[in-house]
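First the structure, in the form of structure tokens, and then the observations on it.
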Amino acid sequence: MGGAVSAGEDNDDLIDNLKEAQYIRTEKVEQAFRAIDRGDYYLDGYRDSAYKDLAWKHGNIHLSAPCIYSEVMEALKLQAGLSFLNLGSGTGYLSTMVGLIIGPFGVNHGVELHKDVVEYAREKLDDFIKNSDSFDKFEFCEPVFVVGNCLEIATDSHQYDRIYCGAGVQKDHENYMKVLLKIGGILVMPIEDQLTQITRTGQCTWESKNILAVSFAPLVQQSRADGEKPDTVQLPPVTVRSLQDLSRIYIRRTLRNLANEDSQGKGTVQRVPQKRKRRRCRRRRINTYVFVGNQLIPQMVESEEEEHAEDEHKEVEEEERDVGEEIIKQVNVLRDQIMALPLPESLKAYLLYYREK
């Protein structure tokens, strides 16, 4: 599914398109999307498709379309310190973005049916922590993934502030999902071909709102012989951070704040490289999909603007980068500050999360 916005040349270009189409509407969601390059979650040889607004699947590895993830992130209304459960966590792409918003004092758990996908998600998470420049710009809640069927979660499991299910939920499983949610919490899941936002308003009361027409593969129900006990999924424990870990968080926070204050005091402006200017037709958002064989293809909706391409100059254009500004090379200020501290090298490495750059 997908195809609601134009393809991008890179991750930033894709986010620009999602913003223009009003799928991304808040600054914190935009920042999370820009910090995590969608292409990094594709297998080698498939990255050319990463910046199209289309779902992608290879074996058990699957990514939903960017427009779907955008609507999910907005609907979850994430805040620092919340607990989050991702049912069908897949590659960990969404969970990693969530971790940038809920921060180090949140809870970030994921349940994924396929062991090979969990291993893939852990590899991608490790690569993000060790190699991404974005890691030092945020306070991060690291996702914890477990293997299992999300329909077999232990009945004594703790509840969460925010929950997302990345597979189609049948009506008879709706209440099962709801009981995992804390009062005041938000659950986002596809049910009856609608991406739905459910808010728990009381012990036995909920409010529902349809967000977007979608078509997801249904949740896989565990098959077992008569009388055989199901494999119960034990969710990760909610643990208290160690004093050592808390110290690292607050040292990094203090240094980051000092760097920000220093840059503001000096009037330093971070400029971005010039991008090619291009014209666009304004398109309507597409919520209709059709099956062709075994593939789900977006059905394009004709718009008046597209029929009158000669009037294209009257439509919205991509903002032009200021070509006269000097491009300043980006520097990891936090890393430089940590390396300058009068501390043993082993402690500096710990403060850097053992990152090599």
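Identifiers in the structure tokens: chain A, B, ... in order shown; residue index from 1 per chain; ligand index from 1 in order shown.
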Residues within 8 Å of stretch 87-89 of chain A, please, as a PyMOL selection string. Count only C-alpha atoms; anything in the same chain fewer than 5 positions from it doesn't count. chain A and resi 94-95+110-113+145+150+163-167
Write the selection just made, keeping N, CA, C and O atoms, as a compact mmCIF listing (two decimals), in the first residue's frame?
```txt
# COMPACT_ATOMS: atom_id res chain seq x y z
N LEU A 94 10.00 1.67 13.03
CA LEU A 94 9.05 2.50 13.77
C LEU A 94 9.44 2.61 15.23
O LEU A 94 9.40 3.70 15.82
N SER A 95 9.84 1.50 15.85
CA SER A 95 10.21 1.51 17.27
C SER A 95 11.39 2.43 17.53
O SER A 95 11.45 3.09 18.58
N GLY A 110 8.90 -4.43 21.80
CA GLY A 110 8.35 -4.93 20.54
C GLY A 110 8.22 -6.44 20.56
O GLY A 110 9.08 -7.14 21.12
N VAL A 111 7.15 -6.95 19.96
CA VAL A 111 6.92 -8.39 19.82
C VAL A 111 6.85 -8.69 18.33
O VAL A 111 6.07 -8.06 17.60
N GLU A 112 7.65 -9.65 17.88
CA GLU A 112 7.71 -10.01 16.46
C GLU A 112 7.66 -11.53 16.32
O GLU A 112 8.34 -12.25 17.06
N LEU A 113 6.85 -12.00 15.38
CA LEU A 113 6.62 -13.43 15.22
C LEU A 113 7.85 -14.18 14.73
O LEU A 113 8.12 -15.31 15.16
N PHE A 145 13.30 -6.09 21.76
CA PHE A 145 12.45 -6.96 20.95
C PHE A 145 12.45 -8.39 21.48
O PHE A 145 13.49 -8.90 21.90
N CYS A 150 1.95 -12.18 19.07
CA CYS A 150 1.38 -11.14 19.92
C CYS A 150 -0.04 -11.46 20.40
O CYS A 150 -0.58 -10.74 21.25
N ILE A 163 0.22 1.83 22.16
CA ILE A 163 0.36 0.53 21.50
C ILE A 163 0.08 0.70 20.02
O ILE A 163 -0.85 1.41 19.62
N TYR A 164 0.89 0.03 19.21
CA TYR A 164 0.62 -0.05 17.77
C TYR A 164 0.67 -1.50 17.35
O TYR A 164 1.57 -2.25 17.74
N CYS A 165 -0.30 -1.91 16.54
CA CYS A 165 -0.29 -3.25 15.95
C CYS A 165 -0.13 -3.10 14.46
O CYS A 165 -0.93 -2.41 13.80
N GLY A 166 0.90 -3.74 13.90
CA GLY A 166 1.23 -3.59 12.49
C GLY A 166 0.65 -4.66 11.59
O GLY A 166 1.16 -4.89 10.49
N ALA A 167 -0.42 -5.32 12.03
CA ALA A 167 -1.11 -6.31 11.19
C ALA A 167 -2.60 -6.17 11.42
O ALA A 167 -3.05 -5.63 12.44
```
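Backbone DSSP over stretch 57-93 of chain A yields helix (DSSP H, G or I) at A:Pro66, A:Cys67, A:Ile68, A:Tyr69, A:Ser70, A:Glu71, A:Val72, A:Met73, A:Glu74, A:Ala75, A:Leu76, A:Tyr93.
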Could the residues of stretch 184-207 of chain A that have an atom at most 12 Å from stretch 57-70 of chain A be listed as a Markdown table, each with its closest atom pair and the distance in Å to one decimal, counting only C-alpha atoms and ordered by chain and ascending residue number?
```
| residue | atom | partner | partner_atom | distance |
| --- | --- | --- | --- | --- |
| A:Val188 | CA | A:Tyr69 | CA | 11.0 |
| A:Met189 | CA | A:Ile68 | CA | 11.0 |
| A:Pro190 | CA | A:Ile68 | CA | 10.5 |
| A:Gln194 | CA | A:Ile68 | CA | 11.4 |
| A:Leu195 | CA | A:Ile68 | CA | 8.7 |
| A:Thr196 | CA | A:Ile68 | CA | 11.7 |
```
Between A:Met73, A:Asn210, A:Ala4, A:Asn11, which has the minimum distance to A:Ile24 (counting only C-alpha atoms)? A:Met73
Write down as a PyMOL selection string the residues of stretch 61-234 of chain A whose backbone DSSP state falls under strand (DSSP E or B). chain A and resi 61-63+83-87+107-112+144-147+153+160-165+168-169+181-191+194-200+206-213+218+233
Compile the contact shell of A:Thr199 as a list of chain:residue names: residues with an atom at most 8 Å away, counting only C-alpha atoms, same-chain residues fewer than 2 positions apart removed. A:Gly184, A:Gly185, A:Ile186, A:Leu187, A:Gln197, A:Thr201, A:Trp206, A:Glu207, A:Ser208
Writing out the chosen residues with N, CA and C atoms as a PDB file, in the first residue's frame:
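So out24.pdb came out as:
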```pdb
ATOM      1  N   GLY A 184      -6.315   6.193  29.711  1.00  0.00           N
ATOM      2  CA  GLY A 184      -5.727   7.402  29.135  1.00  0.00           C
ATOM      3  C   GLY A 184      -4.788   7.115  27.986  1.00  0.00           C
ATOM      4  N   GLY A 185      -4.529   5.842  27.721  1.00  0.00           N
ATOM      5  CA  GLY A 185      -3.602   5.450  26.669  1.00  0.00           C
ATOM      6  C   GLY A 185      -4.248   5.424  25.295  1.00  0.00           C
ATOM      7  N   ILE A 186      -3.398   5.274  24.269  1.00  0.00           N
ATOM      8  CA  ILE A 186      -3.845   5.274  22.880  1.00  0.00           C
ATOM      9  C   ILE A 186      -3.346   4.021  22.175  1.00  0.00           C
ATOM     10  N   LEU A 187      -4.264   3.353  21.494  1.00  0.00           N
ATOM     11  CA  LEU A 187      -3.968   2.169  20.687  1.00  0.00           C
ATOM     12  C   LEU A 187      -4.266   2.500  19.233  1.00  0.00           C
ATOM     13  N   GLN A 197      -7.697   4.743  15.656  1.00  0.00           N
ATOM     14  CA  GLN A 197      -7.126   5.235  16.904  1.00  0.00           C
ATOM     15  C   GLN A 197      -8.144   5.009  18.020  1.00  0.00           C
ATOM     16  N   THR A 201     -10.665   5.645  27.831  1.00  0.00           N
ATOM     17  CA  THR A 201     -11.121   6.764  28.653  1.00  0.00           C
ATOM     18  C   THR A 201     -11.482   6.350  30.075  1.00  0.00           C
ATOM     19  N   TRP A 206     -13.997   3.240  25.971  1.00  0.00           N
ATOM     20  CA  TRP A 206     -13.026   3.609  24.946  1.00  0.00           C
ATOM     21  C   TRP A 206     -13.680   4.535  23.937  1.00  0.00           C
ATOM     22  N   GLU A 207     -12.861   5.340  23.284  1.00  0.00           N
ATOM     23  CA  GLU A 207     -13.308   6.163  22.168  1.00  0.00           C
ATOM     24  C   GLU A 207     -12.514   5.775  20.929  1.00  0.00           C
ATOM     25  N   SER A 208     -13.202   5.625  19.796  1.00  0.00           N
ATOM     26  CA  SER A 208     -12.550   5.193  18.561  1.00  0.00           C
ATOM     27  C   SER A 208     -12.686   6.250  17.480  1.00  0.00           C
TER      28      SER A 208
END
```
With only C-alpha atoms as the counted atoms, please give the residues lying no more than 9 Å from A:Asp40, apart from itself and same-chain residues fewer than 2 positions off, as a PyMOL selection string. chain A and resi 36-38+42-43+47+50+124+128
Prev. selection, all heavy atoms, output as a CSV table (one decimal), in the first residue's frame:
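Resulting contents of result.csv:
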```csv
chain,number,residue,atom,x,y,z
A,36,ILE,N,16.0,9.1,11.2
A,36,ILE,CA,16.2,7.7,10.9
A,36,ILE,C,16.0,7.6,9.4
A,36,ILE,O,14.9,7.8,8.8
A,36,ILE,CB,15.1,6.8,11.6
A,36,ILE,CG1,15.1,7.1,13.1
A,36,ILE,CG2,15.4,5.4,11.3
A,36,ILE,CD1,16.3,6.8,13.8
A,37,ASP,N,17.1,7.2,8.7
A,37,ASP,CA,17.0,7.1,7.2
A,37,ASP,C,16.3,5.7,6.9
A,37,ASP,O,16.8,4.7,7.2
A,37,ASP,CB,18.4,7.1,6.6
A,37,ASP,CG,18.4,7.2,5.1
A,37,ASP,OD1,17.6,6.6,4.4
A,37,ASP,OD2,19.3,8.0,4.6
A,38,ARG,N,15.2,5.8,6.2
A,38,ARG,CA,14.4,4.7,5.9
A,38,ARG,C,15.2,3.7,5.0
A,38,ARG,O,15.1,2.5,5.2
A,38,ARG,CB,13.1,5.1,5.1
A,38,ARG,CG,12.2,4.0,4.6
A,38,ARG,CD,11.0,4.5,4.0
A,38,ARG,NE,10.2,3.5,3.3
A,38,ARG,CZ,9.2,2.8,3.9
A,38,ARG,NH1,8.9,3.0,5.1
A,38,ARG,NH2,8.6,1.9,3.2
A,42,TYR,N,16.5,-1.2,4.5
A,42,TYR,CA,16.4,-2.1,3.3
A,42,TYR,C,17.6,-2.9,3.1
A,42,TYR,O,18.7,-2.6,3.5
A,42,TYR,CB,16.2,-1.2,2.1
A,42,TYR,CG,14.8,-0.7,1.8
A,42,TYR,CD1,14.2,0.1,2.8
A,42,TYR,CD2,14.0,-1.1,0.7
A,42,TYR,CE1,12.9,0.6,2.6
A,42,TYR,CE2,12.8,-0.6,0.5
A,42,TYR,CZ,12.2,0.2,1.4
A,42,TYR,OH,10.9,0.6,1.2
A,43,LEU,N,17.4,-4.1,2.5
A,43,LEU,CA,18.5,-5.0,2.2
A,43,LEU,C,19.3,-4.4,1.1
A,43,LEU,O,18.8,-3.6,0.3
A,43,LEU,CB,18.0,-6.3,1.8
A,43,LEU,CG,17.3,-7.2,2.8
A,43,LEU,CD1,16.6,-8.4,2.2
A,43,LEU,CD2,18.3,-7.7,3.9
A,47,ARG,N,17.7,-0.6,-2.0
A,47,ARG,CA,17.6,0.7,-1.4
A,47,ARG,C,17.0,1.7,-2.4
A,47,ARG,O,16.4,2.7,-1.9
A,47,ARG,CB,19.0,1.2,-1.0
A,47,ARG,CG,19.0,2.4,-0.1
A,47,ARG,CD,20.4,2.9,0.3
A,47,ARG,NE,20.3,4.1,1.1
A,47,ARG,CZ,20.6,4.2,2.4
A,47,ARG,NH1,20.9,3.1,3.1
A,47,ARG,NH2,20.5,5.3,3.1
A,50,ALA,N,13.6,2.7,-1.4
A,50,ALA,CA,13.3,3.1,0.0
A,50,ALA,C,12.5,4.4,0.1
A,50,ALA,O,11.8,4.6,1.0
A,50,ALA,CB,14.6,3.2,0.7
A,124,LYS,N,20.0,-3.7,13.0
A,124,LYS,CA,19.8,-2.4,12.5
A,124,LYS,C,19.8,-1.4,13.7
A,124,LYS,O,20.3,-0.3,13.6
A,124,LYS,CB,18.4,-2.3,11.8
A,124,LYS,CG,18.3,-3.0,10.5
A,124,LYS,CD,19.4,-2.5,9.5
A,124,LYS,CE,19.4,-3.3,8.2
A,124,LYS,NZ,20.5,-2.8,7.3
A,128,PHE,N,22.4,1.7,14.2
A,128,PHE,CA,22.0,3.1,14.4
A,128,PHE,C,22.7,3.7,15.6
A,128,PHE,O,23.2,4.8,15.6
A,128,PHE,CB,20.5,3.1,14.7
A,128,PHE,CG,20.0,4.4,15.2
A,128,PHE,CD1,19.9,5.5,14.4
A,128,PHE,CD2,19.6,4.6,16.5
A,128,PHE,CE1,19.5,6.8,14.9
A,128,PHE,CE2,19.2,5.8,17.0
A,128,PHE,CZ,19.1,6.9,16.2
```
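Nearest residue to A:Leu235, choosing from A:Lys77, A:Lys115, A:Lys209, A:His109 and counting only C-alpha atoms: A:His109.
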